[in-house]
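**Student:** Take a look at this one; I'll ask things after.
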Amino acid sequence: MITIEDLHVIFQTDGGKVHAVDGISIHVHAGEFYTLLGPSGCGKSTTLRCLAGLEHPTSGRILLDGEVVYDSNRGIAVPPHQRDIAMVFQSYAIWPHLTVFENVAFPLREMRPRVADKEIWERVTRALELVQLSGYEQRPAPFLSGGQQQRLALARAICRESPVVLLDEPLSNLDAKLRVETRLELRSLVKRLNMTAVYVTHDQTEALTMADRVAVMNAGKVVQETPPREIYQKPQSRFVASFIGQINFLDGKITAPGTVDTPAGKLKFVDGKDHTVGAEVTVAIRPENLRPADEVNAKFGSLIEGTVEEVVFLGNTLDCVIGVGADKVSVQLHPSNSISPDDLLKVRVRPEDITILAE
Ligand SMILES: Nc1ncnc2c1ncn2[C@@H]1O[C@H](COP(=O)(O)OP(=O)(O)O)[C@@H](O)[C@H]1O
Ligand SMILES: [Mg+2]
């Protein structure tokens with residue numbers, strides 16, 4: 001549905017060249033909810049704007065539904081209004097002087113050939129129904145709440161009935177509670193309309209909960225692309241591991257196949273990869289995968305023990321930091337555990353919950 005091949009965007013600034021997009025290649029399937037996730041400044045918006053035709057790439061190729069809309073070699077650059085794409089921005093770009101109805105109708109009124117009034121009315125009514133804004137047609141747009149404005153922006157995008165919708169951090173202006181509610185609503189709406197979505201966010205939870213596939217970006221590059229669960233459970237680099245969720249890193253050395261020596265002791269792991277004995281690696285372990293040794297048996301996995309240095313009660317978890325030699329390891333326990341600083345804590349970790357990173 002959407003293909004980007006070796007896309008580069010270089011901006012010339014007073015401070016020199018900025019390689020905002022540095023060789024991105026992705027393929028998004030029809031009907032897929034695809035997310036670009038990464039820290040601020042990594043090139044997410046620039047990539048999205050290239051898809052929409054709002055940014056001029058330096059080189060590369062972009063195809064929409066089999067049609068080449070950009071090709072630097074052949075000098076093809078289809079202008080934005082000729083690309084069948086809907087876009088939702090972070091700032092909803094709502095017109096404050098127009099009613100809800102007219103905000104949604106506006107892009108349809110601009111379409112050529114002209115769309116008949118009756119059809120405009122039907123499409124706007126349907127779009128407002130879908131985002132649950134029926135009854136608000138005549139209200140001036142600024143008199144909507146943040147969440148309603150977000151849905152209005154979405155209605156405007158979907159009433160074009162484009163097969164592709166691009167969303168650039170559309171939830172970031174909502175308060176935390178509304179953001180959580182809107183996440184799944186937005187995803188199911190896009191799915192119900194059978195649209196292909198490219199969704200940009202710097203929020204890992206949004207990416208994990210909404211996406212069919214996540215592309216993690218760093219410094220203009222896609223560094224890992226997989227379904228959300230795998231991004232969390234099988235990060236391929238230190239960057240991805242630490243960007244998504246909490247994680248402990250330990251220096252390690254492979255001493256035998258499936259065994260890594262760390263400051264926390266010798267740990268057994270399985271990851272189905274060939275590691276050279278003697279290789280220096282980084283060992284990554286999620287805090288929730290360290291289980292109190294008295295709750296599991298010895299077959300569960302390798303033992304790590306340390307002195308409790310910090311305990312923080314978070315309601316649903318008890319987070320503690322244990323000192324293991326010169327290293328510190330975060331452990332996430334069930335809140336029913338009673339544990340205090342200076343206690344000795346023994347935990348175990350399953351071989352499959354240990355990630356070996358080659359850096
Ligand atoms: N028009 C521009 N001129 C110069 N630099 C830009 C321009 N747009 C974006 N950049 C730079 O390109 C990089 C990527 O920006 P952007 O795509 O907006 O990142 P993100 O959306 O991931 O936060 C940043 O370093 C940003 O400062
Ligand atoms: Mg951005």
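Following the order of the structure tokens, chains are lettered A, B, ..., residues in each are numbered from 1, and ligands are numbered from 1.
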Applying 10 Å and only C-alpha atoms, which residues near stretch 343-348 of chain A remain after dropping the ones on its own chain fewer than 6 positions away? List them as a list in words.
**Tutor:**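 Near neighbours after the sequence-gap exclusion: Leu267, Asn289, Leu290, Arg291, Pro292, Ala293, Asp294, Glu295, Val296, Asn297, Ala298, Lys299, Phe300, Gly301, Ser302, Leu303, Ile304, Glu305, Gly306, Thr307, Val308, Glu309, Cys320, Val321, Ile322, Gly323, Val331 and Leu333 of chain A.
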**Student:** Do a neighbour search on stretch 98-110 of chain A at 6 Å with only C-alpha atoms, toss out local chain neighbours closer than 2 positions, and write the hits as a PyMOL selection string.
**Tutor:** chain A and resi 95-96+137-141+156
**Student:** Stretch 198-350 of chain A: which residues are strand (DSSP E) by DSSP, as a short mmCIF file (atom, residue, chain, number, x, y, z; two decimals) with N, CA and C atoms, in the first residue's frame?
**Tutor:**
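Output (selection.cif):
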```cif
data_model
loop_
_atom_site.label_atom_id
_atom_site.label_comp_id
_atom_site.auth_asym_id
_atom_site.auth_seq_id
_atom_site.Cartn_x
_atom_site.Cartn_y
_atom_site.Cartn_z
N VAL A 198 -0.55 5.51 8.99
CA VAL A 198 0.83 5.68 9.48
C VAL A 198 0.74 6.69 10.61
N TYR A 199 1.14 6.24 11.79
CA TYR A 199 0.91 6.98 13.02
C TYR A 199 2.25 7.31 13.65
N VAL A 200 2.49 8.59 13.87
CA VAL A 200 3.77 9.03 14.44
C VAL A 200 3.61 9.35 15.92
N THR A 201 4.50 8.85 16.74
CA THR A 201 4.44 9.17 18.17
C THR A 201 5.82 9.02 18.82
N ARG A 213 2.33 -2.87 13.64
CA ARG A 213 3.79 -2.95 13.58
C ARG A 213 4.38 -1.61 13.97
N VAL A 214 5.52 -1.68 14.64
CA VAL A 214 6.20 -0.48 15.09
C VAL A 214 7.56 -0.39 14.41
N ALA A 215 7.87 0.79 13.89
CA ALA A 215 9.23 1.04 13.42
C ALA A 215 9.85 2.01 14.42
N VAL A 216 10.89 1.57 15.12
CA VAL A 216 11.56 2.47 16.06
C VAL A 216 12.62 3.24 15.28
N MET A 217 12.58 4.56 15.42
CA MET A 217 13.53 5.41 14.70
C MET A 217 14.52 6.06 15.65
N ASN A 218 15.72 6.24 15.14
CA ASN A 218 16.73 7.00 15.87
C ASN A 218 17.60 7.71 14.85
N LYS A 221 17.00 7.13 11.10
CA LYS A 221 17.01 5.75 10.60
C LYS A 221 15.98 4.91 11.34
N VAL A 222 15.46 3.87 10.65
CA VAL A 222 14.65 2.87 11.33
C VAL A 222 15.61 1.85 11.91
N VAL A 223 15.60 1.71 13.24
CA VAL A 223 16.57 0.80 13.86
C VAL A 223 15.98 -0.58 14.17
N GLN A 224 14.66 -0.67 14.26
CA GLN A 224 14.02 -1.98 14.41
C GLN A 224 12.57 -1.88 14.01
N GLU A 225 12.07 -2.89 13.32
CA GLU A 225 10.68 -2.88 12.87
C GLU A 225 10.07 -4.25 13.12
N THR A 226 9.10 -4.32 14.03
CA THR A 226 8.46 -5.59 14.37
C THR A 226 7.09 -5.31 14.98
N ASN A 248 17.38 -3.31 32.76
CA ASN A 248 18.71 -3.32 33.37
C ASN A 248 19.74 -3.76 32.34
N PHE A 249 20.88 -3.10 32.34
CA PHE A 249 21.99 -3.54 31.49
C PHE A 249 23.14 -3.99 32.37
N LEU A 250 23.73 -5.12 32.03
CA LEU A 250 24.92 -5.61 32.72
C LEU A 250 25.97 -5.96 31.67
N ASP A 251 27.24 -5.70 31.99
CA ASP A 251 28.30 -6.14 31.08
C ASP A 251 28.42 -7.65 31.20
N GLY A 252 28.63 -8.29 30.08
CA GLY A 252 28.74 -9.75 30.14
C GLY A 252 29.80 -10.29 29.20
N LYS A 253 30.16 -11.54 29.48
CA LYS A 253 31.11 -12.24 28.61
C LYS A 253 30.58 -13.65 28.43
N ILE A 254 30.44 -14.08 27.19
CA ILE A 254 29.94 -15.43 26.92
C ILE A 254 31.04 -16.42 27.34
N THR A 255 30.70 -17.32 28.28
CA THR A 255 31.72 -18.26 28.74
C THR A 255 31.49 -19.66 28.18
N ALA A 256 30.27 -19.93 27.73
CA ALA A 256 29.94 -21.22 27.10
C ALA A 256 28.64 -20.97 26.34
N THR A 259 25.59 -19.50 28.26
CA THR A 259 25.99 -19.00 29.58
C THR A 259 26.75 -17.69 29.42
N VAL A 260 26.36 -16.71 30.22
CA VAL A 260 27.03 -15.43 30.18
C VAL A 260 27.45 -15.05 31.60
N ASP A 261 28.69 -14.61 31.73
CA ASP A 261 29.21 -14.22 33.03
C ASP A 261 29.01 -12.71 33.20
N THR A 262 28.41 -12.32 34.33
CA THR A 262 28.14 -10.90 34.58
C THR A 262 28.55 -10.57 36.02
N GLY A 265 26.76 -12.56 38.48
CA GLY A 265 26.96 -14.00 38.47
C GLY A 265 26.79 -14.59 37.08
N LYS A 266 26.93 -15.91 37.01
CA LYS A 266 26.78 -16.60 35.73
C LYS A 266 25.30 -16.78 35.45
N LEU A 267 24.83 -16.37 34.27
CA LEU A 267 23.41 -16.46 33.94
C LEU A 267 23.21 -17.36 32.73
N LYS A 268 22.17 -18.20 32.79
CA LYS A 268 21.81 -19.06 31.66
C LYS A 268 20.83 -18.29 30.77
N GLU A 280 32.40 -10.22 24.27
CA GLU A 280 31.91 -9.26 25.26
C GLU A 280 30.55 -8.76 24.78
N VAL A 281 29.55 -8.83 25.65
CA VAL A 281 28.20 -8.47 25.26
C VAL A 281 27.55 -7.60 26.35
N THR A 282 26.36 -7.10 26.02
CA THR A 282 25.54 -6.44 27.03
C THR A 282 24.35 -7.34 27.34
N VAL A 283 24.09 -7.54 28.61
CA VAL A 283 22.98 -8.39 29.03
C VAL A 283 21.84 -7.47 29.48
N ALA A 284 20.66 -7.66 28.92
CA ALA A 284 19.52 -6.80 29.26
C ALA A 284 18.42 -7.63 29.91
N ILE A 285 17.92 -7.14 31.03
CA ILE A 285 16.87 -7.86 31.78
C ILE A 285 15.81 -6.86 32.25
N ARG A 291 12.19 -12.48 39.53
CA ARG A 291 11.17 -12.97 40.46
C ARG A 291 11.80 -13.39 41.77
N PRO A 292 11.15 -13.06 42.91
CA PRO A 292 11.72 -13.47 44.20
C PRO A 292 12.01 -14.96 44.22
N SER A 302 18.33 -18.53 36.55
CA SER A 302 19.55 -18.19 37.30
C SER A 302 19.26 -17.27 38.48
N LEU A 303 20.08 -17.43 39.50
CA LEU A 303 19.92 -16.66 40.73
C LEU A 303 20.75 -15.37 40.67
N ILE A 304 20.12 -14.29 41.12
CA ILE A 304 20.86 -13.03 41.29
C ILE A 304 20.57 -12.57 42.71
N GLU A 305 21.59 -12.19 43.46
CA GLU A 305 21.29 -11.68 44.79
C GLU A 305 22.04 -10.39 45.06
N GLY A 306 21.38 -9.54 45.85
CA GLY A 306 22.01 -8.26 46.16
C GLY A 306 21.36 -7.64 47.38
N THR A 307 21.95 -6.54 47.82
CA THR A 307 21.44 -5.84 48.99
C THR A 307 20.48 -4.75 48.53
N VAL A 308 19.33 -4.70 49.18
CA VAL A 308 18.33 -3.71 48.79
C VAL A 308 18.82 -2.31 49.15
N GLU A 309 18.82 -1.43 48.16
CA GLU A 309 19.27 -0.05 48.41
C GLU A 309 18.11 0.93 48.45
N GLU A 310 17.11 0.68 47.61
CA GLU A 310 15.98 1.61 47.55
C GLU A 310 14.71 0.81 47.38
N VAL A 311 13.63 1.29 47.98
CA VAL A 311 12.32 0.67 47.78
C VAL A 311 11.32 1.78 47.51
N VAL A 312 10.58 1.66 46.42
CA VAL A 312 9.55 2.66 46.11
C VAL A 312 8.23 1.95 45.89
N PHE A 313 7.22 2.33 46.68
CA PHE A 313 5.88 1.75 46.55
C PHE A 313 5.10 2.54 45.51
N LEU A 318 6.02 -2.82 43.57
CA LEU A 318 7.00 -2.37 44.54
C LEU A 318 8.33 -2.38 43.78
N ASP A 319 8.85 -1.21 43.49
CA ASP A 319 10.09 -1.15 42.72
C ASP A 319 11.26 -1.05 43.67
N CYS A 320 12.25 -1.93 43.52
CA CYS A 320 13.43 -1.77 44.34
C CYS A 320 14.70 -1.86 43.52
N VAL A 321 15.72 -1.29 44.08
CA VAL A 321 17.03 -1.33 43.45
C VAL A 321 17.92 -2.14 44.37
N ILE A 322 18.57 -3.16 43.80
CA ILE A 322 19.51 -3.92 44.62
C ILE A 322 20.93 -3.68 44.12
N GLY A 323 21.86 -3.63 45.05
CA GLY A 323 23.26 -3.46 44.69
C GLY A 323 23.87 -4.84 44.49
N VAL A 324 24.44 -5.03 43.31
CA VAL A 324 25.08 -6.31 42.99
C VAL A 324 26.51 -5.96 42.62
N ASP A 327 27.38 -2.81 40.50
CA ASP A 327 26.22 -2.54 39.66
C ASP A 327 24.94 -2.42 40.48
N LYS A 328 23.96 -1.76 39.87
CA LYS A 328 22.64 -1.68 40.50
C LYS A 328 21.65 -2.36 39.56
N VAL A 329 20.73 -3.11 40.13
CA VAL A 329 19.73 -3.81 39.33
C VAL A 329 18.34 -3.46 39.85
N SER A 330 17.47 -3.02 38.94
CA SER A 330 16.09 -2.71 39.34
C SER A 330 15.25 -3.97 39.28
N VAL A 331 14.43 -4.13 40.30
CA VAL A 331 13.55 -5.30 40.40
C VAL A 331 12.15 -4.79 40.64
N GLN A 332 11.18 -5.36 39.90
CA GLN A 332 9.80 -4.94 40.12
C GLN A 332 9.06 -6.08 40.81
N LEU A 333 8.63 -5.84 42.03
CA LEU A 333 7.97 -6.90 42.81
C LEU A 333 6.49 -6.62 42.95
N LEU A 344 18.72 -8.60 52.27
CA LEU A 344 19.31 -9.34 51.16
C LEU A 344 18.15 -9.85 50.30
N LEU A 345 18.16 -9.54 49.00
CA LEU A 345 17.08 -9.99 48.12
C LEU A 345 17.65 -10.98 47.10
N LYS A 346 17.00 -12.14 47.01
CA LYS A 346 17.40 -13.14 46.01
C LYS A 346 16.30 -13.23 44.97
N VAL A 347 16.67 -13.11 43.71
CA VAL A 347 15.68 -13.20 42.64
C VAL A 347 16.18 -14.19 41.59
N ARG A 348 15.25 -14.67 40.78
CA ARG A 348 15.63 -15.57 39.69
C ARG A 348 15.09 -15.04 38.37
N VAL A 349 15.80 -15.37 37.29
CA VAL A 349 15.39 -14.92 35.96
C VAL A 349 15.42 -16.10 35.00
#
```
**Student:** List the spatial neighbours of A:Gly258 as a count of residues only - criterion: any atom at most 9 Å away, only C-alpha atoms, same-chain residues fewer than 5 positions off excluded.
**Tutor:** 7
**Student:** From the DSSP assignment of the backbone, select every residue of stretch 83-305 of chain A that is alpha helix (DSSP H), and format the answer as a VMD selection string.
**Tutor:** chain A and resid 100 to 110 117 to 130 146 to 158 176 to 192 204 to 210 228 to 233 238 to 243
**Student:** List all protein, DNA and RNA residues that have at least one atom no more than 7 Å from any atom of ligand 2, counting only C-alpha atoms and all ligand atoms, and write them as a VMD selection string.
**Tutor:** chain A and resid 40 to 41 44 to 45 168
